[in-house]
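One structure below.
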Amino acid sequence: MNSIAMSNKITRDGLWRNNVALVQLLGLCPLLAVTSTAINGIGLGLATLITLVLSNTLVSLIRGFVRNEVRLPVFVLIIASIVTIIELLMRAYLYDLYLVLGIFIPLIVTNCAIIGRAEGFASKNSVGASALDGFMMGTGFLFVLALLGAMREIIGFGTLFSHADLMFGEAAKSFTIVFNDNYPGFLLAILPPGAFFGLAMLIVGKNLFDERLKKKAAVIDGLPDIV
Amino acid sequence: MSSRQILISGLFLCIFAVIGTTFVAVTEDSTREKIAENERRVLLRNLYALLPPAKLDNDIATDTLTVPASVLLGTESPSLVYRARLQGEPVALIFNSIALNGYSGRIHLLVGIYLDGSLAGVRVVKHAETPGLGDAIETQKSDWILDFDKRSLAGSRPGAWKVKRDGGVFDQFTGATITPRAVVEAVKNTLLYYQQNAKTLYE
């Protein structure tokens, strides 16, 4: 496979075909727990994205000389170090967001998607491809977290991007969109079941879309025969 | 696998542990001050929400007293009391108390009490109550908790320190009585604790 085809495939797999959250269904614990608002989702998504890029790059760098029998503990060590460093940096520079996401940051270590990409991709591919794979897988995950957070926030609170100042500073207070001042709120969307329903809807949506694409492709494939 | 290979693998893992730990240690060292500063900033923000900065002139975050675990404060380990003073004279105390019988777990409170035994105010620091129902104890969600301001044990009739459903003066929330009941109880107990220990707390 040439490098352009390869990076196209990595991009498609990460963002859509093999999406961490919608297809592999990995990392569900943080996904379901923090997505009560869009900003929380984006915050955890970004932290996971950074972790994935760094861990994939480092794992790929050492793939040539890491001994097979200790490879998994070494990967875990790398991931745990990265996540701890990210947590410390967040506490130093994004403290208010850290207060909200709190325990879910250390839990990134246990996100199977990260060790999965390290073992399944980065340990067998070049540094560039691995970094791209980490970025695309992370972006796919971030995209689902943000979307699910936005859905639950709109339905549950009637707002979007509330508390944006936690991540982007005071100036971001105006990012908040209030759809209806007297919105009574819809509790189910904010509570844990809402996360399951929301994720289920997103998976249904993706599968429906894929099916339609496939049908269209089948029709096009079938054309020459008809003509 | 020969013992030589085992040794090499072990050494390899060891080297990675050292490298990883080094990076974490360096980051920890360079962010420590900044993190402590952040924690102090948030603490002061919480304390000043109860007591306007104009009412005190001491460094309230460091003028603290450690009090032993107490049933009235709901604490199981020693906790900190912050002391506000103006020109050396006692003004108010802020207690860390815990409401134990919330709907889901403990509700951590800051309770500010003036020298005369009236409340400077109450704020929720940490809780896990149901979003949309029990979380009306947060100031961002409703003004309910401001109802405590200026109240005292001496200024209330017996039995007043309950939610309305139990014959008291405090509102409950629609669909959530347990949460406000727990908070009212905890605040009342903190006031009792202050009454019993007032003399020693400013020393």
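Residue numbers start at 1 in each chain; chains themselves are named A, B, ... in the order of the structure tokens; ligands are numbered from 1 in the order shown.
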At a cut-off of 9 Å, list the chain B residues touching chain A, using only C-alpha atoms, as a PDB file with N, CA and C atoms, in the first residue's frame.
ATOM      1  N   ILE B   8      17.500  -9.685  31.070  1.00  0.00           N
ATOM      2  CA  ILE B   8      17.470  -8.577  30.109  1.00  0.00           C
ATOM      3  C   ILE B   8      16.081  -7.944  30.065  1.00  0.00           C
ATOM      4  N   SER B   9      15.037  -8.798  30.014  1.00  0.00           N
ATOM      5  CA  SER B   9      13.666  -8.281  29.977  1.00  0.00           C
ATOM      6  C   SER B   9      13.373  -7.460  31.227  1.00  0.00           C
ATOM      7  N   GLY B  10      13.772  -8.003  32.372  1.00  0.00           N
ATOM      8  CA  GLY B  10      13.540  -7.301  33.633  1.00  0.00           C
ATOM      9  C   GLY B  10      14.236  -5.954  33.634  1.00  0.00           C
ATOM     10  N   PHE B  12      15.083  -4.193  31.082  1.00  0.00           N
ATOM     11  CA  PHE B  12      14.421  -3.334  30.103  1.00  0.00           C
ATOM     12  C   PHE B  12      13.204  -2.640  30.729  1.00  0.00           C
ATOM     13  N   LEU B  13      12.399  -3.466  31.419  1.00  0.00           N
ATOM     14  CA  LEU B  13      11.206  -2.929  32.078  1.00  0.00           C
ATOM     15  C   LEU B  13      11.611  -1.901  33.129  1.00  0.00           C
ATOM     16  N   PHE B  16      12.498   1.440  31.681  1.00  0.00           N
ATOM     17  CA  PHE B  16      11.309   2.204  31.299  1.00  0.00           C
ATOM     18  C   PHE B  16      10.598   2.787  32.513  1.00  0.00           C
ATOM     19  N   ALA B  17      10.570   2.004  33.598  1.00  0.00           N
ATOM     20  CA  ALA B  17       9.955   2.519  34.823  1.00  0.00           C
ATOM     21  C   ALA B  17      10.694   3.764  35.288  1.00  0.00           C
ATOM     22  N   GLY B  20       9.898   6.719  32.839  1.00  0.00           N
ATOM     23  CA  GLY B  20       8.536   7.220  33.048  1.00  0.00           C
ATOM     24  C   GLY B  20       8.422   7.999  34.338  1.00  0.00           C
ATOM     25  N   THR B  21       8.970   7.438  35.414  1.00  0.00           N
ATOM     26  CA  THR B  21       8.881   8.087  36.716  1.00  0.00           C
ATOM     27  C   THR B  21       9.622   9.426  36.711  1.00  0.00           C
ATOM     28  N   PHE B  23      10.056  11.487  34.192  1.00  0.00           N
ATOM     29  CA  PHE B  23       9.238  12.503  33.528  1.00  0.00           C
ATOM     30  C   PHE B  23       8.112  12.995  34.436  1.00  0.00           C
ATOM     31  N   VAL B  24       7.442  12.040  35.101  1.00  0.00           N
ATOM     32  CA  VAL B  24       6.351  12.424  36.001  1.00  0.00           C
ATOM     33  C   VAL B  24       6.891  13.293  37.135  1.00  0.00           C
ATOM     34  N   ALA B  25       8.057  12.886  37.691  1.00  0.00           N
ATOM     35  CA  ALA B  25       8.628  13.634  38.819  1.00  0.00           C
ATOM     36  C   ALA B  25       8.987  15.054  38.409  1.00  0.00           C
ATOM     37  N   THR B  27       7.666  16.831  35.987  1.00  0.00           N
ATOM     38  CA  THR B  27       6.432  17.603  35.795  1.00  0.00           C
ATOM     39  C   THR B  27       5.829  17.991  37.144  1.00  0.00           C
ATOM     40  N   GLU B  28       5.808  17.014  38.059  1.00  0.00           N
ATOM     41  CA  GLU B  28       5.230  17.276  39.382  1.00  0.00           C
ATOM     42  C   GLU B  28       5.963  18.428  40.034  1.00  0.00           C
ATOM     43  N   THR B  31       5.134  21.814  38.447  1.00  0.00           N
ATOM     44  CA  THR B  31       3.757  22.310  38.545  1.00  0.00           C
ATOM     45  C   THR B  31       3.293  22.440  39.993  1.00  0.00           C
ATOM     46  N   ARG B  32       4.114  21.977  40.948  1.00  0.00           N
ATOM     47  CA  ARG B  32       3.655  21.914  42.327  1.00  0.00           C
ATOM     48  C   ARG B  32       3.162  23.272  42.841  1.00  0.00           C
ATOM     49  N   GLU B  33       3.996  24.303  42.625  1.00  0.00           N
ATOM     50  CA  GLU B  33       3.634  25.628  43.144  1.00  0.00           C
ATOM     51  C   GLU B  33       2.344  26.139  42.525  1.00  0.00           C
ATOM     52  N   LYS B  34       2.266  25.956  41.211  1.00  0.00           N
ATOM     53  CA  LYS B  34       1.101  26.431  40.473  1.00  0.00           C
ATOM     54  C   LYS B  34      -0.176  25.725  40.979  1.00  0.00           C
ATOM     55  N   ILE B  35      -0.076  24.423  41.236  1.00  0.00           N
ATOM     56  CA  ILE B  35      -1.240  23.663  41.710  1.00  0.00           C
ATOM     57  C   ILE B  35      -1.646  24.124  43.105  1.00  0.00           C
ATOM     58  N   ALA B  36      -0.649  24.325  43.980  1.00  0.00           N
ATOM     59  CA  ALA B  36      -0.949  24.796  45.329  1.00  0.00           C
ATOM     60  C   ALA B  36      -1.637  26.156  45.272  1.00  0.00           C
ATOM     61  N   GLU B  37      -1.147  26.999  44.346  1.00  0.00           N
ATOM     62  CA  GLU B  37      -1.728  28.329  44.179  1.00  0.00           C
ATOM     63  C   GLU B  37      -3.185  28.236  43.720  1.00  0.00           C
ATOM     64  N   ASN B  38      -3.444  27.300  42.771  1.00  0.00           N
ATOM     65  CA  ASN B  38      -4.813  27.094  42.295  1.00  0.00           C
ATOM     66  C   ASN B  38      -5.733  26.638  43.418  1.00  0.00           C
ATOM     67  N   GLU B  39      -5.239  25.678  44.209  1.00  0.00           N
ATOM     68  CA  GLU B  39      -6.063  25.152  45.296  1.00  0.00           C
ATOM     69  C   GLU B  39      -6.387  26.260  46.291  1.00  0.00           C
ATOM     70  N   VAL B  42      -9.056  28.649  44.826  1.00  0.00           N
ATOM     71  CA  VAL B  42     -10.410  28.105  44.907  1.00  0.00           C
ATOM     72  C   VAL B  42     -10.915  28.127  46.347  1.00  0.00           C
ATOM     73  N   THR B 130     -28.823  14.043  43.057  1.00  0.00           N
ATOM     74  CA  THR B 130     -29.376  13.893  41.712  1.00  0.00           C
ATOM     75  C   THR B 130     -29.396  15.217  40.948  1.00  0.00           C
ATOM     76  N   PRO B 131     -28.799  15.256  39.751  1.00  0.00           N
ATOM     77  CA  PRO B 131     -28.859  16.473  38.951  1.00  0.00           C
ATOM     78  C   PRO B 131     -30.317  16.813  38.633  1.00  0.00           C
ATOM     79  N   GLY B 132     -30.664  18.089  38.728  1.00  0.00           N
ATOM     80  CA  GLY B 132     -32.019  18.496  38.375  1.00  0.00           C
ATOM     81  C   GLY B 132     -33.003  18.387  39.519  1.00  0.00           C
ATOM     82  N   LEU B 133     -32.663  17.624  40.575  1.00  0.00           N
ATOM     83  CA  LEU B 133     -33.557  17.535  41.734  1.00  0.00           C
ATOM     84  C   LEU B 133     -32.821  18.018  42.999  1.00  0.00           C
TER      85      LEU B 133
END
Near-B:Phe95 list (7 Å; only C-alpha atoms; drop same-chain fewer than 2 positions) as a list of chain:residue names: B:Leu80, B:Val81, B:Tyr82, B:Leu93, B:Ser97, B:Leu110, B:Val111, B:Gly112
Written selection (N, CA and C atoms) as a PDB file, in the first residue's frame:
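After the write, out-v6.pdb holds the following:
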ATOM      1  N   LEU B  80     -10.549  21.136  59.436  1.00  0.00           N
ATOM      2  CA  LEU B  80     -10.040  22.498  59.598  1.00  0.00           C
ATOM      3  C   LEU B  80     -11.175  23.484  59.860  1.00  0.00           C
ATOM      4  N   VAL B  81     -10.913  24.447  60.753  1.00  0.00           N
ATOM      5  CA  VAL B  81     -11.817  25.573  60.934  1.00  0.00           C
ATOM      6  C   VAL B  81     -11.051  26.831  60.532  1.00  0.00           C
ATOM      7  N   TYR B  82     -11.631  27.627  59.629  1.00  0.00           N
ATOM      8  CA  TYR B  82     -10.977  28.859  59.198  1.00  0.00           C
ATOM      9  C   TYR B  82     -11.463  30.004  60.073  1.00  0.00           C
ATOM     10  N   LEU B  93     -16.187  32.262  62.089  1.00  0.00           N
ATOM     11  CA  LEU B  93     -15.510  30.989  61.849  1.00  0.00           C
ATOM     12  C   LEU B  93     -16.166  30.324  60.655  1.00  0.00           C
ATOM     13  N   SER B  97     -18.195  21.109  57.413  1.00  0.00           N
ATOM     14  CA  SER B  97     -19.021  20.047  57.979  1.00  0.00           C
ATOM     15  C   SER B  97     -19.586  19.168  56.875  1.00  0.00           C
ATOM     16  N   LEU B 110     -19.462  24.160  53.598  1.00  0.00           N
ATOM     17  CA  LEU B 110     -18.737  25.181  54.345  1.00  0.00           C
ATOM     18  C   LEU B 110     -19.800  25.988  55.079  1.00  0.00           C
ATOM     19  N   VAL B 111     -19.679  26.062  56.400  1.00  0.00           N
ATOM     20  CA  VAL B 111     -20.670  26.786  57.183  1.00  0.00           C
ATOM     21  C   VAL B 111     -19.976  27.936  57.909  1.00  0.00           C
ATOM     22  N   GLY B 112     -20.377  29.160  57.600  1.00  0.00           N
ATOM     23  CA  GLY B 112     -19.772  30.336  58.224  1.00  0.00           C
ATOM     24  C   GLY B 112     -20.651  30.846  59.361  1.00  0.00           C
TER      25      GLY B 112
END
Would you kindly return, as a PDB file with N, CA and C atoms, in the first residue's frame, each protein, DNA or RNA residue with an atom no farther than 9 Å from any atom of B:Pro78, considering only C-alpha atoms and excluding same-chain residues fewer than 2 positions away?
ATOM      1  N   THR B  66      -7.264  23.031  63.801  1.00  0.00           N
ATOM      2  CA  THR B  66      -7.677  21.667  63.492  1.00  0.00           C
ATOM      3  C   THR B  66      -8.509  21.138  64.651  1.00  0.00           C
ATOM      4  N   VAL B  67      -9.759  20.777  64.372  1.00  0.00           N
ATOM      5  CA  VAL B  67     -10.615  20.261  65.442  1.00  0.00           C
ATOM      6  C   VAL B  67     -10.779  18.754  65.251  1.00  0.00           C
ATOM      7  N   PRO B  68     -10.870  18.016  66.367  1.00  0.00           N
ATOM      8  CA  PRO B  68     -10.993  16.561  66.261  1.00  0.00           C
ATOM      9  C   PRO B  68     -12.325  16.164  65.627  1.00  0.00           C
ATOM     10  N   ALA B  69     -12.389  14.916  65.166  1.00  0.00           N
ATOM     11  CA  ALA B  69     -13.625  14.392  64.577  1.00  0.00           C
ATOM     12  C   ALA B  69     -14.789  14.610  65.530  1.00  0.00           C
ATOM     13  N   SER B  70     -15.957  14.952  64.977  1.00  0.00           N
ATOM     14  CA  SER B  70     -17.097  15.262  65.829  1.00  0.00           C
ATOM     15  C   SER B  70     -18.381  14.794  65.177  1.00  0.00           C
ATOM     16  N   THR B  75     -17.925  14.717  60.950  1.00  0.00           N
ATOM     17  CA  THR B  75     -16.581  14.348  60.493  1.00  0.00           C
ATOM     18  C   THR B  75     -16.093  13.091  61.208  1.00  0.00           C
ATOM     19  N   GLU B  76     -15.304  12.333  60.460  1.00  0.00           N
ATOM     20  CA  GLU B  76     -14.721  11.112  61.036  1.00  0.00           C
ATOM     21  C   GLU B  76     -13.219  11.246  61.222  1.00  0.00           C
ATOM     22  N   LEU B  80     -10.549  21.136  59.436  1.00  0.00           N
ATOM     23  CA  LEU B  80     -10.040  22.498  59.598  1.00  0.00           C
ATOM     24  C   LEU B  80     -11.175  23.484  59.860  1.00  0.00           C
TER      25      LEU B  80
END
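Residue nearest A:Thr139 within the list A:Val100, A:Ala171, A:Ile4, A:Ala47: A:Ala47 [criterion: smallest interatomic distance, only C-alpha atoms].
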Which residue of B:Ile107, B:Leu56, B:Leu65, B:Leu47 approaches B:Glu89 most closely, using only C-alpha atoms: B:Leu56
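For the pair atom CA of A:Ala200 and atom CA of A:Leu26, the interatomic distance is 13.9 Å.
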Residue neighbourhood stretch 120-133 of chain A, 9 Å, only C-alpha atoms, exclusion window fewer than 5 positions, as a ChimeraX atom specification: /A:3,6-7,10-11,13-14,52-64,115,138
Residue subset to file, keeping C-alpha atoms, as a compact mmCIF listing (two decimals), in the first residue's frame:
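Writing done, so here's again.txt:
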# COMPACT_ATOMS: atom_id res chain seq x y z
CA SER A 3 1.67 6.04 1.85
CA MET A 6 -2.34 4.19 3.82
CA SER A 7 -3.01 7.57 5.46
CA ILE A 10 -6.04 5.40 8.68
CA THR A 11 -8.12 8.57 8.52
CA ASP A 13 -10.86 4.02 9.96
CA GLY A 14 -10.25 6.41 12.85
CA LEU A 52 -3.42 8.64 22.06
CA VAL A 53 -1.08 10.64 19.82
CA LEU A 54 1.74 10.61 22.37
CA SER A 55 1.36 6.96 23.36
CA ASN A 56 1.14 5.76 19.74
CA THR A 57 4.22 7.79 18.80
CA LEU A 58 6.29 6.57 21.74
CA VAL A 59 5.22 2.95 21.35
CA SER A 60 6.08 3.06 17.66
CA LEU A 61 9.49 4.59 18.46
CA ILE A 62 10.46 1.72 20.72
CA ARG A 63 8.80 -1.03 18.69
CA GLY A 64 12.12 -2.23 17.24
CA ILE A 115 -3.63 0.18 24.86
CA GLY A 138 -8.62 10.31 19.12
Alpha helix (DSSP H) positions in stretch 14-192 of chain A, given as a PyMOL selection string: chain A and resi 28-34+38-61+71-93+95-101+112-117+127-157+165-168+187-190+192
Which of stretch 4-203 of chain B DSSP labels strand (DSSP E), written as a ChimeraX atom specification: /B:64-67,79-86,89-99,107-114,119-126
Surrounding residues of stretch 144-150 of chain B excluding itself and chain neighbours under 2 positions, 8 Å, only C-alpha atoms, as an MDAnalysis selection string: chainID B and resid 118:123 136:139 142 152 170:171
For atom CA of B:Ala128 and atom CA of B:Val169, the interatomic separation in Å (one decimal): 24.8 Å
